[in-house]
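Asks: run00.txt (compact mmCIF, C-alpha atoms and all ligand atoms) pasted underneath:
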```
# COMPACT_ATOMS: atom_id res chain seq x y z
CA MET Q 245 8.75 13.64 -34.04
CA GLU Q 246 10.83 16.81 -33.56
CA ASN Q 247 8.05 18.82 -35.26
CA LYS Q 248 5.46 17.44 -32.87
CA LEU Q 249 7.59 18.22 -29.82
CA ALA Q 250 8.11 21.78 -31.09
CA ARG Q 251 4.38 22.19 -31.78
CA ILE Q 252 3.54 21.12 -28.22
CA GLU Q 253 6.04 23.58 -26.74
CA GLU Q 254 4.52 26.34 -28.89
CA LEU Q 255 0.94 25.49 -27.80
CA LYS Q 256 1.98 25.27 -24.14
CA ARG Q 257 3.49 28.76 -24.28
CA GLU Q 258 0.63 30.25 -26.29
CA LYS Q 259 -2.09 28.85 -23.98
CA GLY Q 260 -0.23 28.88 -20.65
CA VAL Q 261 -0.66 25.14 -20.10
CA VAL Q 262 1.46 23.04 -17.72
CA ILE Q 263 1.87 19.34 -18.56
CA LEU Q 264 2.05 16.77 -15.76
CA ALA Q 265 3.04 13.24 -16.77
CA HIS Q 266 3.37 9.88 -15.03
CA TYR Q 267 6.51 7.73 -15.34
CA TYR Q 268 4.54 5.07 -17.24
CA CYS Q 269 3.86 7.38 -20.20
CA ARG Q 270 5.64 6.89 -23.50
CA PRO Q 271 9.22 8.29 -23.47
CA GLU Q 272 8.34 10.99 -26.03
CA VAL Q 273 5.38 12.09 -23.86
CA GLN Q 274 7.68 12.28 -20.82
CA LYS Q 275 9.85 14.68 -22.86
CA VAL Q 276 7.09 17.31 -23.10
CA ALA Q 277 6.24 17.15 -19.39
CA ASP Q 278 6.92 20.13 -17.14
CA PHE Q 279 6.64 17.76 -14.20
CA LEU Q 280 7.16 14.03 -14.22
CA GLY Q 281 6.31 12.01 -11.14
CA ASP Q 282 4.54 9.23 -9.30
CA SER Q 283 0.87 9.49 -8.48
CA LEU Q 284 1.46 11.13 -5.07
CA ALA Q 285 3.88 13.79 -6.34
CA LEU Q 286 1.61 14.58 -9.28
CA SER Q 287 -1.46 14.98 -7.02
CA VAL Q 288 0.41 17.45 -4.81
CA LYS Q 289 1.83 19.28 -7.84
CA ALA Q 290 -1.65 19.56 -9.39
CA ARG Q 291 -2.90 21.18 -6.19
CA ASP Q 292 -0.03 23.61 -5.70
CA ILE Q 293 0.91 24.62 -9.22
CA GLU Q 294 0.24 28.16 -10.42
CA ALA Q 295 -1.39 27.61 -13.80
CA LYS Q 296 -4.89 28.14 -15.11
CA THR Q 297 -4.76 24.99 -17.21
CA ILE Q 298 -3.17 21.60 -16.55
CA LEU Q 299 -2.86 18.88 -19.15
CA PHE Q 300 -2.64 15.52 -17.39
CA ALA Q 301 -0.66 12.97 -19.36
CA GLY Q 302 -1.76 9.90 -17.46
CA VAL Q 303 -4.85 7.81 -16.89
CA HIS Q 304 -8.31 9.18 -16.15
CA PHE Q 305 -8.26 8.88 -12.33
CA MET Q 306 -5.10 11.02 -12.23
CA GLY Q 307 -6.83 13.82 -14.13
CA GLU Q 308 -9.84 13.49 -11.85
CA THR Q 309 -7.63 13.78 -8.76
CA ALA Q 310 -6.12 16.98 -10.17
CA LYS Q 311 -9.59 18.44 -10.74
CA VAL Q 312 -10.77 17.42 -7.25
CA LEU Q 313 -7.86 19.30 -5.70
CA SER Q 314 -7.94 22.27 -8.08
CA PRO Q 315 -11.54 22.88 -9.15
CA GLU Q 316 -10.72 26.39 -10.35
CA LYS Q 317 -8.25 25.04 -12.92
CA LYS Q 318 -9.10 23.64 -16.31
CA VAL Q 319 -7.85 20.03 -16.43
CA LEU Q 320 -7.28 18.68 -19.92
CA ILE Q 321 -6.96 14.95 -20.58
CA PRO Q 322 -5.74 13.85 -24.01
CA ASN Q 323 -7.67 10.58 -24.04
CA PRO Q 324 -10.68 10.03 -21.74
CA GLU Q 325 -10.66 6.33 -22.70
CA ALA Q 326 -7.34 5.90 -20.89
CA THR Q 327 -8.70 4.24 -17.80
CA CYS Q 328 -7.14 1.87 -15.22
CA SER Q 329 -8.04 -1.74 -14.48
CA LEU Q 330 -7.90 -1.10 -10.74
CA ALA Q 331 -10.26 1.88 -10.92
CA GLU Q 332 -12.56 -0.12 -13.23
CA SER Q 333 -12.63 -3.06 -10.80
CA CYS Q 334 -14.35 -0.94 -8.15
CA LYS Q 335 -17.58 0.79 -9.18
CA ALA Q 336 -18.97 3.32 -6.70
CA GLU Q 337 -22.43 1.69 -6.48
CA GLU Q 338 -21.04 -1.77 -5.69
CA PHE Q 339 -18.49 -0.30 -3.33
CA ALA Q 340 -21.22 1.54 -1.39
CA LYS Q 341 -23.01 -1.81 -0.83
CA PHE Q 342 -19.74 -3.46 0.25
CA LYS Q 343 -18.98 -0.62 2.65
CA ALA Q 344 -22.47 -0.85 4.20
CA GLN Q 345 -21.65 -4.40 5.38
CA TYR Q 346 -18.90 -3.06 7.68
CA PRO Q 347 -20.32 0.02 9.44
CA ASP Q 348 -17.48 0.12 12.02
CA ALA Q 349 -14.68 0.13 9.46
CA LEU Q 350 -12.70 3.08 8.15
CA VAL Q 351 -12.23 3.16 4.37
CA VAL Q 352 -8.71 3.47 2.97
CA ALA Q 353 -8.72 3.67 -0.83
CA TYR Q 354 -5.83 3.73 -3.22
CA VAL Q 355 -5.85 6.82 -5.46
CA ASN Q 356 -6.37 4.42 -8.39
CA THR Q 357 -10.13 4.81 -7.97
CA THR Q 358 -12.89 6.90 -9.51
CA VAL Q 359 -14.01 10.12 -7.85
CA GLY Q 360 -17.22 8.31 -6.81
CA VAL Q 361 -15.24 5.79 -4.75
CA LYS Q 362 -13.03 8.53 -3.29
CA ALA Q 363 -16.23 10.23 -2.12
CA LEU Q 364 -17.01 7.07 -0.10
CA THR Q 365 -13.49 6.99 1.37
CA ASP Q 366 -12.15 8.29 4.69
CA ILE Q 367 -8.53 8.49 3.64
CA CYS Q 368 -6.84 7.87 0.31
CA CYS Q 369 -3.35 6.47 -0.16
CA THR Q 370 -0.85 5.89 -2.92
CA SER Q 371 1.81 3.20 -3.03
CA SER Q 372 4.24 5.84 -1.65
CA ASN Q 373 2.33 6.44 1.57
CA ALA Q 374 0.00 3.42 2.04
CA LEU Q 375 2.11 2.19 4.95
CA GLN Q 376 2.03 5.56 6.79
CA VAL Q 377 -1.70 5.96 6.09
CA VAL Q 378 -2.55 2.53 7.54
CA GLN Q 379 -0.20 3.11 10.50
CA SER Q 380 -1.94 6.44 11.19
CA ILE Q 381 -5.17 4.56 12.02
CA PRO Q 382 -5.62 3.13 15.57
CA ALA Q 383 -4.66 -0.55 15.62
CA ASP Q 384 -8.07 -1.73 16.85
CA LYS Q 385 -10.02 0.03 14.08
CA PRO Q 386 -11.12 -2.27 11.23
CA ILE Q 387 -10.04 -1.02 7.79
CA ILE Q 388 -11.68 -1.59 4.43
CA PHE Q 389 -8.80 -1.47 1.94
CA ALA Q 390 -9.73 -0.92 -1.71
CA PRO Q 391 -9.35 -1.67 -4.53
CA ASP Q 392 -5.94 -3.37 -4.75
CA LYS Q 393 -5.79 -6.63 -2.81
CA ASN Q 394 -2.07 -7.02 -3.62
CA LEU Q 395 -1.07 -3.64 -2.19
CA GLY Q 396 -3.39 -4.30 0.77
CA SER Q 397 -1.85 -7.73 1.45
CA TYR Q 398 1.65 -6.28 1.18
CA ILE Q 399 0.80 -3.58 3.76
CA GLN Q 400 -0.86 -6.17 5.97
CA LYS Q 401 2.28 -8.31 5.84
CA VAL Q 402 4.60 -5.39 6.69
CA THR Q 403 2.41 -4.07 9.53
CA GLY Q 404 1.16 -7.43 10.83
CA ARG Q 405 -2.29 -5.84 11.02
CA GLN Q 406 -5.14 -8.38 11.03
CA ASN Q 407 -8.32 -6.35 10.74
CA MET Q 408 -8.10 -5.36 7.05
CA ILE Q 409 -11.04 -6.19 4.80
CA MET Q 410 -9.88 -6.29 1.16
CA TRP Q 411 -11.78 -5.36 -1.96
CA ASN Q 412 -10.97 -7.99 -4.59
CA GLY Q 413 -9.26 -5.82 -7.22
CA ALA Q 414 -5.91 -5.96 -8.97
CA CYS Q 415 -3.91 -4.22 -11.69
CA HIS Q 416 -3.90 -6.39 -14.82
CA VAL Q 417 -0.34 -5.20 -15.62
CA HIS Q 418 1.31 -5.87 -12.26
CA GLU Q 419 -0.60 -9.12 -11.65
CA LYS Q 420 1.08 -10.63 -14.68
CA PHE Q 421 4.75 -10.38 -13.75
CA SER Q 422 6.29 -13.80 -13.62
CA LYS Q 423 8.21 -15.12 -10.60
CA GLU Q 424 9.86 -17.78 -12.78
CA GLY Q 425 10.81 -15.18 -15.41
CA ILE Q 426 12.50 -13.00 -12.77
CA LEU Q 427 14.39 -16.00 -11.32
CA GLU Q 428 15.54 -16.87 -14.86
CA ILE Q 429 17.05 -13.36 -15.34
CA LYS Q 430 18.67 -13.70 -11.89
CA LYS Q 431 20.60 -16.74 -13.19
CA SER Q 432 22.39 -14.51 -15.75
CA TYR Q 433 22.66 -11.51 -13.39
CA PRO Q 434 22.99 -12.99 -9.89
CA LYS Q 435 24.06 -9.68 -8.33
CA ALA Q 436 21.15 -7.70 -9.81
CA LYS Q 437 18.76 -6.14 -7.31
CA VAL Q 438 15.05 -6.82 -7.83
CA VAL Q 439 12.85 -3.70 -7.54
CA VAL Q 440 9.10 -4.35 -7.36
CA HIS Q 441 5.91 -2.28 -7.33
CA PRO Q 442 3.58 -3.41 -4.48
CA GLU Q 443 0.71 -3.97 -6.95
CA CYS Q 444 2.49 -7.22 -7.90
CA ARG Q 445 1.36 -10.57 -6.50
CA GLY Q 446 2.80 -11.70 -3.14
CA GLU Q 447 5.08 -14.38 -4.63
CA VAL Q 448 6.67 -11.69 -6.82
CA ALA Q 449 6.90 -9.08 -4.03
CA GLU Q 450 8.74 -11.71 -1.96
CA LEU Q 451 11.62 -11.62 -4.46
CA ALA Q 452 12.09 -7.87 -3.94
CA ASP Q 453 15.25 -6.24 -2.63
CA TYR Q 454 13.10 -3.10 -2.65
CA CYS Q 455 9.30 -2.86 -2.91
CA GLY Q 456 7.71 0.57 -3.35
CA SER Q 457 6.16 3.21 -5.55
CA THR Q 458 7.62 4.32 -8.87
CA ALA Q 459 9.33 7.29 -7.18
CA GLY Q 460 10.61 5.03 -4.39
CA ILE Q 461 12.03 2.57 -6.92
CA LEU Q 462 13.81 5.39 -8.76
CA SER Q 463 15.41 6.69 -5.55
CA TYR Q 464 16.47 3.21 -4.48
CA CYS Q 465 18.19 2.56 -7.82
CA GLY Q 466 20.07 5.86 -7.50
CA GLU Q 467 21.15 5.27 -3.90
CA SER Q 468 22.10 1.60 -4.29
CA GLU Q 469 25.73 0.68 -4.94
CA CYS Q 470 24.53 -2.05 -7.26
CA ASP Q 471 24.70 -1.32 -11.00
CA THR Q 472 22.11 -3.78 -12.36
CA PHE Q 473 18.38 -3.92 -11.54
CA ILE Q 474 15.50 -6.19 -12.56
CA VAL Q 475 12.58 -3.79 -12.84
CA VAL Q 476 9.22 -5.31 -11.91
CA THR Q 477 6.84 -2.53 -12.83
CA GLU Q 478 5.50 -0.90 -15.98
CA PRO Q 479 8.47 -0.41 -18.34
CA GLY Q 480 7.69 3.26 -19.09
CA ILE Q 481 9.80 4.01 -16.01
CA LEU Q 482 12.93 2.72 -17.78
CA ALA Q 483 13.24 5.99 -19.74
CA GLU Q 484 13.65 8.03 -16.55
CA MET Q 485 15.93 5.40 -14.97
CA GLU Q 486 18.27 5.40 -17.96
CA LYS Q 487 18.22 9.21 -18.12
CA LYS Q 488 18.99 9.64 -14.40
CA TYR Q 489 21.48 6.79 -14.01
CA PRO Q 490 23.13 6.28 -17.42
CA SER Q 491 25.93 4.08 -16.06
CA LYS Q 492 23.50 1.53 -14.57
CA LYS Q 493 21.71 -1.34 -16.30
CA PHE Q 494 17.93 -1.84 -16.04
CA LEU Q 495 16.33 -5.11 -17.11
CA PRO Q 496 12.53 -5.21 -17.56
CA ALA Q 497 10.85 -8.20 -15.89
CA PRO Q 498 8.86 -10.52 -18.18
CA SER Q 499 5.17 -11.37 -17.95
CA VAL Q 500 3.63 -14.78 -17.27
CA GLU Q 501 2.61 -14.84 -20.95
CA GLY Q 502 6.30 -14.77 -21.91
CA LYS Q 503 6.32 -11.14 -23.08
CA ALA Q 504 9.71 -9.44 -22.52
CA CYS Q 505 7.98 -6.68 -20.56
CA ASN Q 506 4.48 -5.78 -19.53
CA GLU Q 507 3.05 -2.46 -20.71
CA CYS Q 508 -0.06 -0.62 -19.47
CA GLU Q 509 -2.03 -0.06 -22.67
CA TYR Q 510 -4.01 2.73 -21.00
CA MET Q 511 -0.91 4.79 -20.23
CA LYS Q 512 0.27 4.22 -23.80
CA MET Q 513 -2.98 5.74 -25.16
CA ILE Q 514 -1.48 9.15 -24.43
CA THR Q 515 0.43 10.07 -27.57
CA LEU Q 516 2.02 13.26 -28.91
CA ASP Q 517 -0.83 13.49 -31.48
CA SER Q 518 -3.50 13.26 -28.78
CA ILE Q 519 -1.69 15.94 -26.74
CA ILE Q 520 -1.52 18.28 -29.75
CA ALA Q 521 -5.24 17.81 -30.51
CA CYS Q 522 -6.12 18.33 -26.83
CA LEU Q 523 -4.07 21.54 -26.61
CA GLU Q 524 -5.46 22.89 -29.89
CA ASN Q 525 -9.10 22.19 -28.95
CA GLU Q 526 -8.67 22.78 -25.20
CA SER Q 527 -10.74 19.64 -24.81
CA PRO Q 528 -11.55 17.04 -23.49
CA THR Q 529 -11.65 18.36 -19.95
CA ILE Q 530 -12.51 16.75 -16.61
CA GLU Q 531 -15.87 17.92 -15.22
CA LEU Q 532 -17.11 16.77 -11.82
CA ASP Q 533 -20.30 16.94 -9.84
CA GLU Q 534 -19.58 19.45 -7.03
CA GLU Q 535 -21.05 17.40 -4.17
CA THR Q 536 -19.00 14.33 -5.13
CA ARG Q 537 -15.89 16.46 -5.64
CA LEU Q 538 -16.17 18.00 -2.18
CA LYS Q 539 -16.51 14.59 -0.50
CA ALA Q 540 -13.60 13.18 -2.53
CA SER Q 541 -11.39 16.17 -1.71
CA LYS Q 542 -11.67 15.41 2.03
CA SER Q 543 -10.24 11.91 1.56
CA ILE Q 544 -7.39 13.16 -0.65
CA GLU Q 545 -6.55 16.06 1.68
CA ALA Q 546 -6.55 13.61 4.63
CA MET Q 547 -3.94 11.59 2.73
CA VAL Q 548 -1.78 14.62 1.87
CA LYS Q 549 -1.72 15.55 5.59
CA VAL Q 550 -0.27 12.12 6.50
CA GLY Q 551 2.47 12.55 3.89
P1 LIG M 601 2.70 5.10 -8.39
O1 LIG M 601 1.84 5.56 -7.29
O2 LIG M 601 3.87 4.31 -7.93
O3 LIG M 601 3.08 6.23 -9.29
O4 LIG M 601 1.88 4.06 -9.28
C1 LIG M 601 0.73 4.41 -9.97
C2 LIG M 601 0.19 3.30 -10.74
O5 LIG M 601 -0.75 3.41 -11.46
C3 LIG M 601 0.82 2.02 -10.55
O6 LIG M 601 0.34 1.10 -11.44
FE1 LIG M 602 -3.87 1.21 -13.60
FE2 LIG M 602 -2.21 -0.83 -13.63
FE3 LIG M 602 -2.13 0.92 -15.61
FE4 LIG M 602 -1.27 1.60 -13.14
S1 LIG M 602 -0.37 0.09 -14.51
S2 LIG M 602 -2.58 2.81 -14.47
S3 LIG M 602 -2.71 0.44 -11.87
S4 LIG M 602 -3.85 -0.44 -15.11
```
Since I need it in another form, could you write the structure as structure tokens?
Ligand code: 13P
Ligand code: SF4
Replies:
Amino acid sequence: MENKLARIEELKREKGVVILAHYYCRPEVQKVADFLGDSLALSVKARDIEAKTILFAGVHFMGETAKVLSPEKKVLIPNPEATCSLAESCKAEEFAKFKAQYPDALVVAYVNTTVGVKALTDICCTSSNALQVVQSIPADKPIIFAPDKNLGSYIQKVTGRQNMIMWNGACHVHEKFSKEGILEIKKSYPKAKVVVHPECRGEVAELADYCGSTAGILSYCGESECDTFIVVTEPGILAEMEKKYPSKKFLPAPSVEGKACNECEYMKMITLDSIIACLENESPTIELDEETRLKASKSIEAMVKVG
């Protein structure tokens, strides 16, 4: 592995490439990242970074978002097959028909969508800022919230807002965390705090001491006086938790199928080998239709303005 890490550093220097990686990537992939972050931080970084070429170690929609915001940059993605069940659950053509049924509504879409859906969106959000985005919209305005019904229901519960029309999508990883499995761990670690990503089902989010984005979860674990946490999100984040807070204990939550943790197979498609091949070939890249890109950029920029 050391040879592969060294090869990547050499290629990065030689070709002037900056690597952005999401917390759910494999630990060895996180090691080669120049910037590691949640989807909001990575979108902003992709826009502001001074580099001609970005390699996005994450799923396809993340690379697309980078290209939407920085069309002049080359955006490399190590594996174009690394998709996302939420983005896949909401195809632009079907979404356009859905949207047409509610002409008065404003569209809020999670960044976990294709560029085609973002082009049909008024304002994007991530799990970091979904609350602020929804609160920025006048209370009497109906909202179409897509594609994650769990994040949407969580926001609806926190805000008490009634007029939200949900697209019926979910993340296959977060949907499968088990309430019973978490309660079972709690029996052995009664003082442990439960940290949950809002893509989880309502009955799981209800167990949370903290519910928020990957970056929010990381900050909470650092600030909390507690030293043990049950982590109810993709376990790739454990590497960064253990690195940042080595004296604390992090326990991955189990899935309803009885698995000890619940990985996103798409995020795990990004390997050191695929990064080396991508850097050597300077391919695959993200290419977007300019009209769609321009429409999508408005909804992402609207989100970045809210925070
Ligand atoms: P964050 O916005 O918390 O980084 O989450 C992205 C994601 O894909 C969650 O499944
Ligand atoms: Fe998509 Fe879920 Fe994987 Fe996140 S964890 S990238 S939402 S499939």
Asks: Is it possible to get the residues within 12 Å of (18.3, -1.0, -12.0) (coordinates as in the file, counting all atoms listed in the file) written as a ChimeraX atom specification?
Replies: /Q:433,435-440,453-454,461-477,479,481-497
Asks: Return the padded bounding box of ligand LIG 601 (chain M) as JSON: axis-aligned, built from all atoms listed in the file, 4 Å added on each side, with centre and edge lengths in Å to one decimal.
Replies:
```
{"center_x": 1.6, "center_y": 3.7, "center_z": -9.4, "size_x": 12.6, "size_y": 13.1, "size_z": 12.2}
```
Asks: Which residues are near ligand LIG 601 (chain M) in this structure, taking near to mean any atom at most 9 Å from a ligand atom and counting all atoms listed in the file? Format them as JSON, numbers by chain.
Replies: {"Q": [266, 267, 268, 281, 282, 283, 284, 285, 286, 302, 303, 306, 328, 330, 354, 355, 356, 369, 370, 371, 372, 373, 415, 417, 418, 441, 442, 443, 456, 457, 458, 459, 460, 461, 477, 478, 508, 511]}
Asks: Deliver the residues from the most recent selection as a file, using C-alpha atoms, as a PDB file, in the coordinates of the input.
Replies:
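Output below, filename out_15.pdb:
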```pdb
ATOM      1  CA  HIS Q 266       3.370   9.880 -15.030  1.00  0.00           C
ATOM      2  CA  TYR Q 267       6.510   7.730 -15.340  1.00  0.00           C
ATOM      3  CA  TYR Q 268       4.540   5.070 -17.240  1.00  0.00           C
ATOM      4  CA  GLY Q 281       6.310  12.010 -11.140  1.00  0.00           C
ATOM      5  CA  ASP Q 282       4.540   9.230  -9.300  1.00  0.00           C
ATOM      6  CA  SER Q 283       0.870   9.490  -8.480  1.00  0.00           C
ATOM      7  CA  LEU Q 284       1.460  11.130  -5.070  1.00  0.00           C
ATOM      8  CA  ALA Q 285       3.880  13.790  -6.340  1.00  0.00           C
ATOM      9  CA  LEU Q 286       1.610  14.580  -9.280  1.00  0.00           C
ATOM     10  CA  GLY Q 302      -1.760   9.900 -17.460  1.00  0.00           C
ATOM     11  CA  VAL Q 303      -4.850   7.810 -16.890  1.00  0.00           C
ATOM     12  CA  MET Q 306      -5.100  11.020 -12.230  1.00  0.00           C
ATOM     13  CA  CYS Q 328      -7.140   1.870 -15.220  1.00  0.00           C
ATOM     14  CA  LEU Q 330      -7.900  -1.100 -10.740  1.00  0.00           C
ATOM     15  CA  TYR Q 354      -5.830   3.730  -3.220  1.00  0.00           C
ATOM     16  CA  VAL Q 355      -5.850   6.820  -5.460  1.00  0.00           C
ATOM     17  CA  ASN Q 356      -6.370   4.420  -8.390  1.00  0.00           C
ATOM     18  CA  CYS Q 369      -3.350   6.470  -0.160  1.00  0.00           C
ATOM     19  CA  THR Q 370      -0.850   5.890  -2.920  1.00  0.00           C
ATOM     20  CA  SER Q 371       1.810   3.200  -3.030  1.00  0.00           C
ATOM     21  CA  SER Q 372       4.240   5.840  -1.650  1.00  0.00           C
ATOM     22  CA  ASN Q 373       2.330   6.440   1.570  1.00  0.00           C
ATOM     23  CA  CYS Q 415      -3.910  -4.220 -11.690  1.00  0.00           C
ATOM     24  CA  VAL Q 417      -0.340  -5.200 -15.620  1.00  0.00           C
ATOM     25  CA  HIS Q 418       1.310  -5.870 -12.260  1.00  0.00           C
ATOM     26  CA  HIS Q 441       5.910  -2.280  -7.330  1.00  0.00           C
ATOM     27  CA  PRO Q 442       3.580  -3.410  -4.480  1.00  0.00           C
ATOM     28  CA  GLU Q 443       0.710  -3.970  -6.950  1.00  0.00           C
ATOM     29  CA  GLY Q 456       7.710   0.570  -3.350  1.00  0.00           C
ATOM     30  CA  SER Q 457       6.160   3.210  -5.550  1.00  0.00           C
ATOM     31  CA  THR Q 458       7.620   4.320  -8.870  1.00  0.00           C
ATOM     32  CA  ALA Q 459       9.330   7.290  -7.180  1.00  0.00           C
ATOM     33  CA  GLY Q 460      10.610   5.030  -4.390  1.00  0.00           C
ATOM     34  CA  ILE Q 461      12.030   2.570  -6.920  1.00  0.00           C
ATOM     35  CA  THR Q 477       6.840  -2.530 -12.830  1.00  0.00           C
ATOM     36  CA  GLU Q 478       5.500  -0.900 -15.980  1.00  0.00           C
ATOM     37  CA  CYS Q 508      -0.060  -0.620 -19.470  1.00  0.00           C
ATOM     38  CA  MET Q 511      -0.910   4.790 -20.230  1.00  0.00           C
TER      39      MET Q 511
END
```
Asks: If we draw a sphere of 7 Å around (-12.8, -8.7, -10.9), which residues have at least one atom in it when counting all atoms listed in the file? Please report them as a ChimeraX atom specification.
Replies: /Q:333,412-413
Asks: So what do you get for CA of Pro271 (chain Q) versus CA of Ile514 (chain Q), distance-wise?
Replies: 10.8 Å
Asks: Env of Phe389 (chain Q): 9 Å cut, atoms = all atoms listed in the file, seq-sep filter 2 positions within chain, self excluded. Answer as a PyMOL selection string.
Replies: chain Q and resi 350-354+387+391-393+396+408-411
Asks: Name the closest residue to His304 (chain Q) among the candidates Q:Thr403, Q:Ser541, Q:Gln376, Q:Thr529; distances are taken between atoms, counting only C-alpha atoms.
Replies: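 Nearest to His304 (chain Q): Q:Thr529.
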Asks: How many Å lie between CA of Leu364 (chain Q) and CA of Ala340 (chain Q), rounded to one decimal?
Replies: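 These two atoms are separated by 7.1 Å.
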Asks: Can you list, as a ChimeraX atom specification, every protein, DNA or RNA residue that comes within 12 Å of Glu531 (chain Q) when you count only C-alpha atoms, leaving out same-chain residues fewer than 3 positions away?
Replies: /Q:304,307-312,314-321,324,359,527-528,534,536-537
Asks: So how far away is CA of Pro322 (chain Q) from CA of Glu526 (chain Q), in Å?
Replies: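 CA of Pro322 (chain Q) lies 9.5 Å from CA of Glu526 (chain Q).
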